[in-house]
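**Student:** As input, take query22.cif (mmCIF, C-alpha atoms):
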data_target
loop_
_atom_site.label_atom_id
_atom_site.label_comp_id
_atom_site.auth_asym_id
_atom_site.auth_seq_id
_atom_site.Cartn_x
_atom_site.Cartn_y
_atom_site.Cartn_z
CA MET A 716 7.93 34.78 -21.34
CA ASN A 717 4.91 33.76 -19.27
CA THR A 718 4.90 32.72 -15.61
CA ILE A 719 4.93 29.05 -14.63
CA THR A 720 1.38 27.71 -14.32
CA PRO A 721 0.33 25.08 -11.71
CA ALA A 722 -0.16 22.53 -14.50
CA GLU A 723 3.38 23.12 -15.74
CA ARG A 724 4.77 22.82 -12.20
CA ALA A 725 2.98 19.48 -11.82
CA LYS A 726 4.51 18.29 -15.10
CA TYR A 727 7.99 19.45 -14.05
CA ALA A 728 7.52 17.69 -10.69
CA GLU A 729 6.90 14.37 -12.45
CA ILE A 730 10.09 14.80 -14.49
CA PHE A 731 12.05 15.89 -11.40
CA GLN A 732 11.00 12.75 -9.50
CA ALA A 733 11.44 10.39 -12.45
CA ARG A 734 14.98 11.56 -13.32
CA GLY A 735 16.47 10.60 -9.96
CA GLN A 736 16.60 13.65 -7.70
CA VAL A 737 18.14 12.98 -4.27
CA ASN A 738 17.01 14.83 -1.15
CA GLY A 739 15.35 17.53 -3.23
CA TYR A 740 18.33 18.17 -5.53
CA MET A 741 19.24 17.06 -9.04
CA SER A 742 22.97 16.77 -9.73
CA GLY A 743 24.59 18.69 -12.55
CA SER A 744 25.21 15.53 -14.58
CA LEU A 745 21.57 14.45 -14.40
CA ALA A 746 20.35 17.96 -15.21
CA ARG A 747 22.73 18.04 -18.19
CA ASP A 748 21.18 14.83 -19.56
CA VAL A 749 17.68 16.28 -19.16
CA LEU A 750 18.65 19.48 -20.99
CA LEU A 751 20.47 17.61 -23.77
CA SER A 752 17.34 15.52 -24.43
CA SER A 753 15.65 18.72 -25.65
CA ASN A 754 18.00 18.75 -28.71
CA LEU A 755 18.50 22.51 -28.35
CA PRO A 756 21.82 24.05 -29.47
CA VAL A 757 24.60 23.82 -26.91
CA HIS A 758 25.01 27.60 -26.64
CA GLN A 759 21.33 27.93 -25.66
CA LEU A 760 21.62 25.15 -23.08
CA GLU A 761 24.62 26.91 -21.52
CA VAL A 762 22.57 30.09 -21.16
CA ILE A 763 19.65 28.14 -19.66
CA TRP A 764 21.96 26.50 -17.11
CA ASP A 765 23.49 29.84 -16.10
CA LEU A 766 20.03 31.30 -15.57
CA ALA A 767 18.60 28.30 -13.68
CA ASP A 768 21.54 27.57 -11.32
CA ILE A 769 20.84 30.70 -9.30
CA ASP A 770 22.89 29.78 -6.21
CA LYS A 771 25.79 28.48 -8.39
CA ASP A 772 26.21 25.23 -6.44
CA GLY A 773 26.29 23.00 -9.54
CA ASN A 774 22.95 21.37 -8.64
CA LEU A 775 19.30 22.22 -9.20
CA ASP A 776 16.64 22.15 -6.51
CA PHE A 777 13.03 21.88 -7.61
CA GLU A 778 12.49 25.65 -7.98
CA GLU A 779 15.62 25.99 -10.12
CA PHE A 780 14.62 22.92 -12.12
CA CYS A 781 11.24 24.53 -12.89
CA VAL A 782 13.05 27.61 -14.20
CA ALA A 783 15.30 25.45 -16.40
CA MET A 784 12.37 23.44 -17.81
CA HIS A 785 10.24 26.54 -18.40
CA ILE A 786 12.94 28.32 -20.41
CA THR A 787 13.82 25.07 -22.24
CA PHE A 788 10.24 24.51 -23.42
CA ALA A 789 9.99 28.16 -24.44
CA CYS A 790 13.12 27.76 -26.57
CA ILE A 791 11.72 24.55 -28.10
CA HIS A 792 8.74 26.63 -29.25
CA GLY A 793 11.00 29.15 -30.98
CA MET A 794 11.89 31.72 -28.30
CA GLU A 795 15.41 32.82 -27.40
CA PRO A 796 16.61 32.49 -23.80
CA PRO A 797 16.66 35.83 -21.94
CA ARG A 798 19.97 37.49 -21.11
CA THR A 799 18.97 37.81 -17.46
CA LEU A 800 16.42 35.87 -15.45
CA PRO A 801 13.03 37.64 -15.59
CA LEU A 802 11.78 38.87 -12.25
CA HIS A 803 8.57 36.82 -12.40
CA LEU A 804 10.61 33.59 -12.78
CA LEU A 805 12.86 34.30 -9.80
CA PRO A 806 11.92 31.86 -6.97
CA PRO A 807 11.15 33.66 -3.69
CA ASN A 808 13.65 31.49 -1.81
CA LYS A 809 16.42 32.56 -4.22
CA ALA A 810 15.69 36.27 -4.45
CA HIS A 811 18.34 37.16 -1.84
CA LEU A 812 21.03 35.40 -3.94
CA GLN A 813 20.37 37.24 -7.18
CA GLY A 814 22.69 40.10 -6.33
CA HIS A 815 25.51 37.91 -4.95
CA TYR A 816 26.68 36.65 -8.33
CA ALA A 817 27.80 38.46 -11.42
CA PRO A 818 25.25 38.30 -14.24
CA MET A 819 25.99 36.42 -17.44
CA SER A 820 28.52 38.17 -19.63
CA VAL A 821 26.90 39.96 -22.56
CA SER A 822 28.05 42.34 -25.28
CA ILE A 823 28.59 45.89 -24.05
CA SER A 824 28.72 47.43 -27.49
CA ALA A 825 25.10 48.61 -27.17
CA PRO A 826 23.77 50.67 -24.23
CA ILE A 827 21.34 49.04 -21.80
CA PRO A 828 17.75 50.10 -22.61
CA VAL A 829 15.86 52.27 -20.11
CA TRP A 830 13.22 49.62 -19.47
CA GLU A 831 15.96 47.11 -18.56
CA GLN A 832 17.57 49.60 -16.18
CA GLN A 833 14.19 50.04 -14.49
CA GLN A 834 13.81 46.29 -14.22
CA LEU A 835 17.24 45.97 -12.58
CA GLN A 836 16.31 48.69 -10.08
CA GLN A 837 13.08 46.85 -9.26
CA GLN A 838 15.03 43.63 -8.73
CA GLN A 839 17.41 45.40 -6.32
CA GLN A 840 14.50 46.88 -4.37
CA LEU A 841 12.80 43.50 -4.21
CA GLN A 842 16.04 41.92 -3.06
CA GLN A 843 16.36 44.40 -0.18
CA GLN A 844 12.75 43.76 0.88
CA VAL A 845 13.23 40.00 0.79
CA GLN A 846 16.43 40.24 2.82
CA GLN A 847 14.66 42.32 5.49
CA GLN A 848 11.80 39.81 5.63
CA GLN A 849 14.25 36.93 5.92
CA VAL A 850 16.07 38.57 8.80
CA GLN A 851 12.76 39.11 10.60
CA GLN A 852 11.66 35.55 9.84
CA LEU A 853 14.99 34.15 11.06
CA ALA A 854 14.66 36.03 14.34
CA TYR A 855 11.10 34.80 14.80
CA THR A 856 11.96 31.21 13.87
CA SER A 857 14.90 31.03 16.25
CA ALA A 858 12.65 32.19 19.08
CA TYR A 859 9.62 30.06 18.24
CA GLN A 860 11.02 26.98 16.50
CA VAL A 861 8.50 24.14 16.32
CA GLN A 862 10.07 20.79 17.09
CA PHE A 863 9.34 17.90 14.74
CA SER A 864 7.63 14.87 16.30
CA TRP A 865 7.35 11.39 14.82
CA ASP A 866 4.55 10.45 17.22
CA MET A 867 1.18 9.78 15.58
CA THR A 868 -2.09 9.29 17.45
CA SER A 869 -4.71 6.78 16.34
CA GLN A 870 -6.77 9.72 15.06
CA ASP A 871 -3.80 10.91 13.00
CA MET A 872 -3.33 7.43 11.53
CA ALA A 873 -7.03 7.17 10.62
CA PHE A 874 -6.98 10.62 9.00
CA TYR A 875 -3.85 9.88 6.96
CA ARG A 876 -5.30 6.54 5.86
CA GLU A 877 -8.47 8.28 4.67
CA LEU A 878 -6.32 10.73 2.71
CA PHE A 879 -4.53 7.87 1.00
CA LEU A 880 -7.80 6.14 0.05
CA LYS A 881 -9.23 9.44 -1.17
CA TYR A 882 -6.53 9.94 -3.79
CA CYS A 883 -5.42 6.35 -4.48
CA ASN A 884 -7.31 3.10 -5.13
CA THR A 885 -4.20 0.91 -5.54
CA PRO A 886 -1.71 -0.49 -2.96
CA LYS A 887 0.92 2.06 -4.05
CA ALA A 888 0.83 5.71 -5.07
CA LYS A 889 2.87 8.10 -7.22
CA PHE A 890 4.01 11.55 -6.24
CA GLY A 891 1.70 13.30 -8.71
CA GLN A 892 -1.48 11.66 -7.38
CA PHE A 893 -1.67 14.06 -4.43
CA GLU A 894 -1.52 17.36 -6.34
CA PRO A 895 -4.86 18.65 -4.86
CA LEU A 896 -3.46 17.99 -1.37
CA TYR A 897 -0.25 19.89 -2.17
CA ALA A 898 -2.25 22.87 -3.39
CA SER A 899 -4.25 22.99 -0.15
CA LEU A 900 -1.12 22.87 2.02
CA GLY A 901 0.72 25.73 0.32
CA LEU A 902 4.17 24.18 0.87
CA THR A 903 7.04 24.72 -1.56
CA ARG A 904 7.95 22.06 -4.08
CA THR A 905 11.31 21.71 -2.38
CA ASP A 906 9.59 20.76 0.89
CA LEU A 907 7.30 18.32 -0.92
CA SER A 908 10.23 16.71 -2.76
CA ASN A 909 12.33 16.47 0.40
CA ALA A 910 9.50 14.79 2.32
CA TRP A 911 8.85 12.34 -0.53
CA SER A 912 12.54 11.49 -0.88
CA LEU A 913 12.81 10.90 2.86
CA VAL A 914 10.19 8.11 2.90
CA ASN A 915 11.04 6.77 -0.58
CA VAL A 916 14.17 5.00 0.65
CA ASN A 917 14.25 2.63 -2.34
CA ARG A 918 13.96 5.48 -4.89
CA ALA A 919 10.96 3.76 -6.51
CA THR A 920 8.37 5.38 -8.78
CA GLN A 921 5.67 4.43 -6.26
CA ILE A 922 5.52 4.04 -2.48
CA SER A 923 3.31 1.93 -0.21
CA GLN A 924 0.41 3.04 1.96
CA ASP A 925 2.56 2.98 5.14
CA GLN A 926 5.13 5.20 3.45
CA CYS A 927 2.37 7.57 2.30
CA ILE A 928 1.05 7.80 5.87
CA THR A 929 4.51 8.83 7.07
CA PHE A 930 4.78 11.23 4.11
CA PHE A 931 1.47 12.91 5.10
CA HIS A 932 2.65 13.20 8.70
CA ILE A 933 5.88 14.92 7.62
CA LEU A 934 3.88 17.38 5.49
CA HIS A 935 1.54 18.07 8.41
CA GLN A 936 4.48 18.74 10.75
CA ARG A 937 6.10 21.00 8.14
CA ASN A 938 2.84 22.88 7.72
CA GLN A 939 2.87 23.47 11.48
CA GLY A 940 6.29 25.10 11.22
CA ALA A 941 8.65 22.21 12.00
CA GLN A 942 11.67 21.54 9.81
CA ILE A 943 11.75 18.35 7.73
CA PRO A 944 14.20 15.86 9.30
CA LYS A 945 17.25 14.74 7.37
CA LEU A 946 16.85 11.06 8.32
CA LEU A 947 14.10 8.61 9.16
CA PRO A 948 14.08 6.83 12.54
CA PRO A 949 16.05 3.56 12.25
CA ASP A 950 12.97 1.36 12.63
CA LEU A 951 11.11 3.14 9.80
CA GLN A 952 14.24 3.18 7.61
CA GLU A 953 14.65 -0.57 8.04
CA ALA A 954 10.95 -1.32 7.53
CA PHE A 955 10.65 0.74 4.33
CA ALA A 956 13.93 -0.63 2.94
CA ASN A 957 13.26 -4.29 3.74
CA GLU A 958 9.88 -4.11 2.06
CA GLU A 959 11.64 -3.99 -1.33
CA ASP A 960 14.91 -5.73 -0.42
CA ARG A 961 13.25 -9.13 -0.02
CA LEU A 962 11.48 -8.68 -3.32
CA VAL A 963 14.66 -7.56 -5.09
CA ASP A 964 16.54 -10.59 -3.78
CA ARG A 965 13.80 -12.83 -5.07
CA VAL A 966 13.79 -11.25 -8.51
CA LYS A 967 17.60 -11.21 -8.74
CA SER A 968 17.70 -14.95 -8.07
CA THR A 969 15.88 -15.52 -11.38
CA PRO A 970 18.08 -15.60 -14.52
CA TYR A 971 16.50 -12.69 -16.38
CA LYS A 972 18.01 -11.50 -19.63
CA GLU A 973 20.14 -8.39 -19.27
CA ASN A 974 18.63 -6.59 -22.27
CA ALA A 975 15.13 -8.06 -22.08
CA SER A 976 12.27 -5.93 -23.35
CA ALA A 977 9.31 -4.99 -21.17
CA LYS A 978 7.18 -7.80 -22.69
CA GLU A 979 9.93 -10.39 -22.18
CA LEU A 980 10.47 -9.30 -18.58
CA GLU A 981 6.73 -9.43 -17.95
CA SER A 982 6.58 -12.95 -19.41
CA GLN A 983 9.47 -14.09 -17.22
CA LEU A 984 7.84 -12.67 -14.11
CA GLU A 985 4.55 -14.40 -14.92
CA GLN A 986 6.42 -17.69 -15.36
CA GLU A 987 8.08 -17.18 -11.98
CA LEU A 988 4.63 -16.51 -10.50
CA LEU A 989 3.33 -19.83 -11.85
CA THR A 990 6.38 -21.62 -10.43
CA LEU A 991 5.77 -20.17 -6.99
CA LYS A 992 2.10 -21.17 -7.07
CA ARG A 993 3.13 -24.73 -7.96
CA GLN A 994 5.59 -24.76 -5.04
CA VAL A 995 2.80 -23.66 -2.70
CA ARG A 996 0.57 -26.52 -3.83
CA GLU A 997 3.40 -29.05 -3.47
CA ALA A 998 4.19 -27.82 0.05
CA GLU A 999 0.53 -28.10 1.04
CA GLU A 1000 0.38 -31.65 -0.34
CA ARG A 1001 3.54 -32.63 1.55
CA GLU A 1002 2.12 -31.21 4.76
CA ALA A 1003 -1.13 -33.15 4.31
CA GLY A 1004 0.80 -36.35 3.56
CA GLU A 1005 3.03 -36.07 6.61
CA ARG A 1006 0.02 -35.68 8.88
CA THR A 1007 -1.16 -39.20 7.93
CA ASP A 1008 0.33 -42.30 9.38
CA THR A 1009 2.58 -43.80 6.70
CA ASN A 1010 3.78 -46.65 8.93
CA GLU A 1011 0.61 -48.66 9.49
CA ILE A 1012 1.25 -52.11 10.95
CA ALA A 1013 -0.52 -55.17 9.64
CA PHE A 1014 -1.71 -56.33 13.03
CA GLY A 1015 -3.48 -59.35 11.56
CA SER A 1016 -0.14 -60.96 10.77
CA LEU A 1017 1.23 -60.54 14.30
CA SER A 1018 0.71 -62.50 17.47
CA ILE A 1019 -1.16 -61.02 20.44
CA LYS A 1020 2.12 -60.32 22.22
CA GLU A 1021 3.62 -58.71 19.13
CA GLN A 1022 0.49 -56.61 18.63
CA PHE A 1023 0.69 -55.24 22.19
CA GLN A 1024 4.41 -54.64 21.75
CA ALA A 1025 3.75 -52.80 18.46
CA LEU A 1026 1.06 -50.65 20.08
CA TYR A 1027 3.39 -49.89 22.97
CA ASP A 1028 6.23 -48.91 20.59
CA TYR A 1029 3.87 -46.78 18.50
CA LYS A 1030 2.62 -44.82 21.53
CA LEU A 1031 6.16 -44.40 22.80
CA ARG A 1032 7.30 -43.02 19.43
CA GLN A 1033 4.25 -40.78 19.26
CA LEU A 1034 5.00 -39.27 22.67
CA SER A 1035 8.72 -38.82 21.96
CA GLN A 1036 8.26 -37.38 18.47
CA GLN A 1037 5.21 -35.21 19.05
CA THR A 1038 7.29 -32.11 19.70
CA ASP A 1039 9.40 -32.69 16.57
CA ILE A 1040 6.31 -33.25 14.41
CA GLU A 1041 4.68 -30.06 15.65
CA THR A 1042 7.88 -28.16 14.92
CA VAL A 1043 8.03 -29.56 11.37
CA VAL A 1044 4.38 -28.71 10.77
CA ARG A 1045 4.83 -25.14 12.04
CA GLN A 1046 7.90 -24.72 9.86
CA GLN A 1047 6.03 -25.97 6.82
CA GLU A 1048 3.15 -23.59 7.59
CA ARG A 1049 5.63 -20.73 7.76
CA ASP A 1050 7.16 -21.85 4.45
CA ILE A 1051 3.72 -21.91 2.85
CA ASP A 1052 2.92 -18.43 4.20
CA ALA A 1053 6.27 -17.17 2.94
CA ALA A 1054 5.63 -18.66 -0.50
CA ARG A 1055 2.17 -17.11 -0.61
CA GLU A 1056 3.62 -13.74 0.39
CA ALA A 1057 6.23 -14.12 -2.37
CA VAL A 1058 3.43 -14.79 -4.85
CA ARG A 1059 1.62 -11.64 -3.73
CA ARG A 1060 4.78 -9.57 -3.94
CA LEU A 1061 5.69 -10.94 -7.36
CA THR A 1062 2.17 -10.15 -8.53
CA ARG A 1063 2.75 -6.56 -7.47
CA VAL A 1064 6.09 -6.57 -9.32
CA VAL A 1065 4.29 -7.63 -12.50
CA GLU A 1066 1.80 -4.79 -12.01
CA ASP A 1067 4.65 -2.32 -11.40
CA VAL A 1068 6.41 -3.48 -14.58
CA ARG A 1069 3.22 -2.99 -16.54
CA SER A 1070 2.75 0.45 -15.00
CA GLN A 1071 6.34 1.44 -15.79
CA LYS A 1072 5.85 0.20 -19.34
CA ARG A 1073 2.80 2.44 -19.72
CA ASP A 1074 4.71 5.39 -18.23
CA MET A 1075 7.62 4.84 -20.62
CA GLU A 1076 5.28 4.68 -23.60
CA HIS A 1077 3.56 7.88 -22.44
CA LEU A 1078 6.91 9.65 -21.94
CA LEU A 1079 8.08 8.47 -25.36
CA GLU A 1080 4.94 9.85 -26.97
CA GLU A 1081 5.40 13.22 -25.21
CA THR A 1082 9.04 13.37 -26.30
CA ARG A 1083 8.08 12.53 -29.89
CA THR A 1084 5.46 15.31 -29.86
CA GLN A 1085 7.97 17.83 -28.47
CA VAL A 1086 10.54 16.89 -31.13
CA GLN A 1087 7.96 17.29 -33.88
CA MET A 1088 6.93 20.68 -32.52
CA ALA A 1089 10.56 21.79 -32.29
CA TYR A 1090 11.19 20.62 -35.83
CA LYS A 1091 8.17 22.53 -37.13
CA ALA A 1092 9.22 25.64 -35.21
CA THR A 1093 12.71 25.60 -36.75
CA HIS A 1094 11.53 24.85 -40.28
#
In structure tokens, write the structure found in this file.

**Tutor:**
Amino acid sequence: MNTITPAERAKYAEIFQARGQVNGYMSGSLARDVLLSSNLPVHQLEVIWDLADIDKDGNLDFEEFCVAMHITFACIHGMEPPRTLPLHLLPPNKAHLQGHYAPMSVSISAPIPVWEQQQLQQQQQLQQQVQQQQVQQLAYTSAYQVQFSWDMTSQDMAFYRELFLKYCNTPKAKFGQFEPLYASLGLTRTDLSNAWSLVNVNRATQISQDQCITFFHILHQRNQGAQIPKLLPPDLQEAFANEEDRLVDRVKSTPYKENASAKELESQLEQELLTLKRQVREAEEREAGERTDTNEIAFGSLSIKEQFQALYDYKLRQLSQQTDIETVVRQQERDIDAAREAVRRLTRVVEDVRSQKRDMEHLLEETRTQVQMAYKATH
């Protein structure tokens, strides 16, 4: 069984993000669904799970998930899962745990081959070396721990913004768009997933430019030796969450069909977009109408005294109502701006739906190809 290539890791990272990992971990139930979608026999899936869940916590971090996917795809192509996890698939951050758990039960009717005994000895030696290195690293880290800082200078902001524009030409970006950056940093996939999950508070498939800037800052701090925080500052948490909450409330207020297809949903969103544009025009027309004097007095039909009295009353009303009129105008301007912002946000929702539709079609095509390959391999 070959080692995991960078291209395969990138593919596994897309699946890991798309299937709903939380804080760098995929729950056992979600991982079960992913494995069952391979259509492999249950006894093989049980072996794959035992091999991948190295720390036996019932969850899979990204490194363990890569192991599970790599063995699963190998089995789809006709291979049998190994009895023990090969040394070259053992993640470095899990090497110290390999000896803490009993290996999978196997038949003892046949003696263990010499080459397998040698491999077990090599694993034990590697485990001892890793443990020594971890002890030394722990001592060094405790003495020279770099503190994480959320502060960003204007130069930092400009640099992070240039990074975003370098890899992305749309308002939002996906996790996989920054693969060249990840390769240059040399961070583990677990660190990358944890940083992404931290800023992706709405668990969306894409995040905004501001979220990407914070994501880059977290990666920079981690690359300097600081630990990734568990929580965002309250102001960032609220800002990133509210960005989608207002949009979700707007969409939920529309009576969409529960089981609508992607095309139907797209059509409904476009209809909502047209409705909002019409509301903007109507608000602008109302504002223009209220700025004109709708109570003109036919002075020609009044006497001189009545004309002066009417002018006096008009000026008096104008002075007394000026503040109220300005308040109404400002409120209408805010309503128009809010409606325009809703139009822009709904436009982005339509684009996101289209993008998700394309992603689903691509994933369906990949799944169909894998099933066909598995069928050919078994027949």

**Student:** Please enumerate the residues selected by the PyMOL selection byres ((chain A and resi 932) around 9) when evaluated against the supplied file, formatted as a ChimeraX atom specification.

**Tutor:** /A:865,867,871-872,875,927-931,933-937

**Student:** Pick the closest to Met716 of chain A from A:Trp764, A:Phe731, A:Phe777, A:Phe788: which is it, counting all atoms listed in the file?

**Tutor:**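 Ranking A:Trp764, A:Phe731, A:Phe777, A:Phe788 by distance to Met716 of chain A, first place goes to A:Phe788.
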
**Student:** To one decimal in Å, tell me the separation between atom CA of Pro796 of chain A and atom CA of Gln759 of chain A.

**Tutor:**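 Between atom CA of Pro796 of chain A and atom CA of Gln759 of chain A the gap is 6.8 Å.
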
**Student:** Just so the selection is clear, what residues does the PyMOL selection byres ((chain A and resi 750) around 9) cover here, as a list in words?

**Tutor:**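 With the PyMOL selection byres ((chain A and resi 750) around 9) on this model, the match is Leu745, Ala746, Arg747, Asp748, Val749, Leu751, Ser752, Ser753, Asn754, Leu755, Leu760, Ile763, Trp764, Ala783, Met784 and Thr787 of chain A.
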
**Student:** Any chance you could work out the residue set of the PyMOL selection byres ((chain A and resi 877-879) around 12) here, as JSON, numbers by chain?

**Tutor:** {"A": [870, 871, 872, 873, 874, 875, 876, 880, 881, 882, 883, 884, 885, 886, 887, 888, 889, 890, 892, 893, 895, 896, 922, 923, 924, 925, 926, 927, 928, 929, 930, 931, 932]}

**Student:** Would you export the selected residues with C-alpha atoms as an mmCIF file, in the coordinates of the input, please?

**Tutor:**
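So result06.cif came out as:
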data_model
loop_
_atom_site.group_PDB
_atom_site.id
_atom_site.type_symbol
_atom_site.label_atom_id
_atom_site.label_comp_id
_atom_site.auth_asym_id
_atom_site.auth_seq_id
_atom_site.Cartn_x
_atom_site.Cartn_y
_atom_site.Cartn_z
ATOM 1 C CA GLN A 870 -6.770 9.720 15.060
ATOM 2 C CA ASP A 871 -3.800 10.910 13.000
ATOM 3 C CA MET A 872 -3.330 7.430 11.530
ATOM 4 C CA ALA A 873 -7.030 7.170 10.620
ATOM 5 C CA PHE A 874 -6.980 10.620 9.000
ATOM 6 C CA TYR A 875 -3.850 9.880 6.960
ATOM 7 C CA ARG A 876 -5.300 6.540 5.860
ATOM 8 C CA LEU A 880 -7.800 6.140 0.050
ATOM 9 C CA LYS A 881 -9.230 9.440 -1.170
ATOM 10 C CA TYR A 882 -6.530 9.940 -3.790
ATOM 11 C CA CYS A 883 -5.420 6.350 -4.480
ATOM 12 C CA ASN A 884 -7.310 3.100 -5.130
ATOM 13 C CA THR A 885 -4.200 0.910 -5.540
ATOM 14 C CA PRO A 886 -1.710 -0.490 -2.960
ATOM 15 C CA LYS A 887 0.920 2.060 -4.050
ATOM 16 C CA ALA A 888 0.830 5.710 -5.070
ATOM 17 C CA LYS A 889 2.870 8.100 -7.220
ATOM 18 C CA PHE A 890 4.010 11.550 -6.240
ATOM 19 C CA GLN A 892 -1.480 11.660 -7.380
ATOM 20 C CA PHE A 893 -1.670 14.060 -4.430
ATOM 21 C CA PRO A 895 -4.860 18.650 -4.860
ATOM 22 C CA LEU A 896 -3.460 17.990 -1.370
ATOM 23 C CA ILE A 922 5.520 4.040 -2.480
ATOM 24 C CA SER A 923 3.310 1.930 -0.210
ATOM 25 C CA GLN A 924 0.410 3.040 1.960
ATOM 26 C CA ASP A 925 2.560 2.980 5.140
ATOM 27 C CA GLN A 926 5.130 5.200 3.450
ATOM 28 C CA CYS A 927 2.370 7.570 2.300
ATOM 29 C CA ILE A 928 1.050 7.800 5.870
ATOM 30 C CA THR A 929 4.510 8.830 7.070
ATOM 31 C CA PHE A 930 4.780 11.230 4.110
ATOM 32 C CA PHE A 931 1.470 12.910 5.100
ATOM 33 C CA HIS A 932 2.650 13.200 8.700
#

**Student:** What does the distance from atom CA of Arg734 of chain A to atom CA of Glu778 of chain A come to in Å, to one decimal?

**Tutor:**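 Answer for the atom CA of Arg734 of chain A to atom CA of Glu778 of chain A separation: 15.3 Å.
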
**Student:** Grab the atom CA of Gln862 of chain A to atom CA of Leu902 of chain A distance for me, in Å with one decimal place.

**Tutor:**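 Atom CA of Leu902 of chain A lies at a distance of 17.6 Å from atom CA of Gln862 of chain A.
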
**Student:** Measuring between all atoms listed in the file, which one of A:Arg724, A:Arg996, A:Asp776, A:Pro806 shows the shortest distance to Arg1055 of chain A?

**Tutor:** A:Arg996

**Student:** Report as a Markdown table: every residue of segment 722-745 of chain A with an atom at most 12 Å from segment 1074-1081 of chain A, its closest pair of atoms, and their distance in Å to one decimal, counting only C-alpha atoms, with rows sorted by chain and ascending residue number.

**Tutor:**
| residue | atom | partner | partner_atom | distance |
| --- | --- | --- | --- | --- |
| A:Lys726 | CA | A:Leu1078 | CA | 11.3 |
| A:Glu729 | CA | A:Leu1078 | CA | 10.6 |
| A:Ile730 | CA | A:Leu1078 | CA | 9.6 |
| A:Ala733 | CA | A:Asp1074 | CA | 10.2 |
| A:Arg734 | CA | A:Leu1078 | CA | 12.0 |

**Student:** Show me, as JSON, the centre and edge lengths in Å to one decimal of the axis-aligned box that covers every listed atom of segment 878-890 of chain A with 3 Å on each side.

**Tutor:**
{"center_x": -2.6, "center_y": 5.5, "center_z": -2.3, "size_x": 19.2, "size_y": 18.0, "size_z": 15.9}

**Student:** Please determine, counting only C-alpha atoms, which residue among A:Thr1062, A:Thr1042, A:Ser1070, A:Ser744 has the shortest atom-to-atom distance to Leu991 of chain A.

**Tutor:** A:Thr1062

**Student:** Find the residues near segment 942-946 of chain A: any atom within 7 Å, counting all atoms listed in the file, skip ones fewer than 2 places away on the same chain, and give them as a PyMOL selection string.

**Tutor:** chain A and resi 863+910+913+933+937+940+948

**Student:** Suppose we keep C-alpha atoms; can you now write the selection as an mmCIF file, in the coordinates of the input?

**Tutor:**
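Result went into selection-v2.cif, see below:
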data_model
loop_
_atom_site.group_PDB
_atom_site.id
_atom_site.type_symbol
_atom_site.label_atom_id
_atom_site.label_comp_id
_atom_site.auth_asym_id
_atom_site.auth_seq_id
_atom_site.Cartn_x
_atom_site.Cartn_y
_atom_site.Cartn_z
ATOM 1 C CA PHE A 863 9.340 17.900 14.740
ATOM 2 C CA ALA A 910 9.500 14.790 2.320
ATOM 3 C CA LEU A 913 12.810 10.900 2.860
ATOM 4 C CA ILE A 933 5.880 14.920 7.620
ATOM 5 C CA ARG A 937 6.100 21.000 8.140
ATOM 6 C CA GLY A 940 6.290 25.100 11.220
ATOM 7 C CA PRO A 948 14.080 6.830 12.540
#
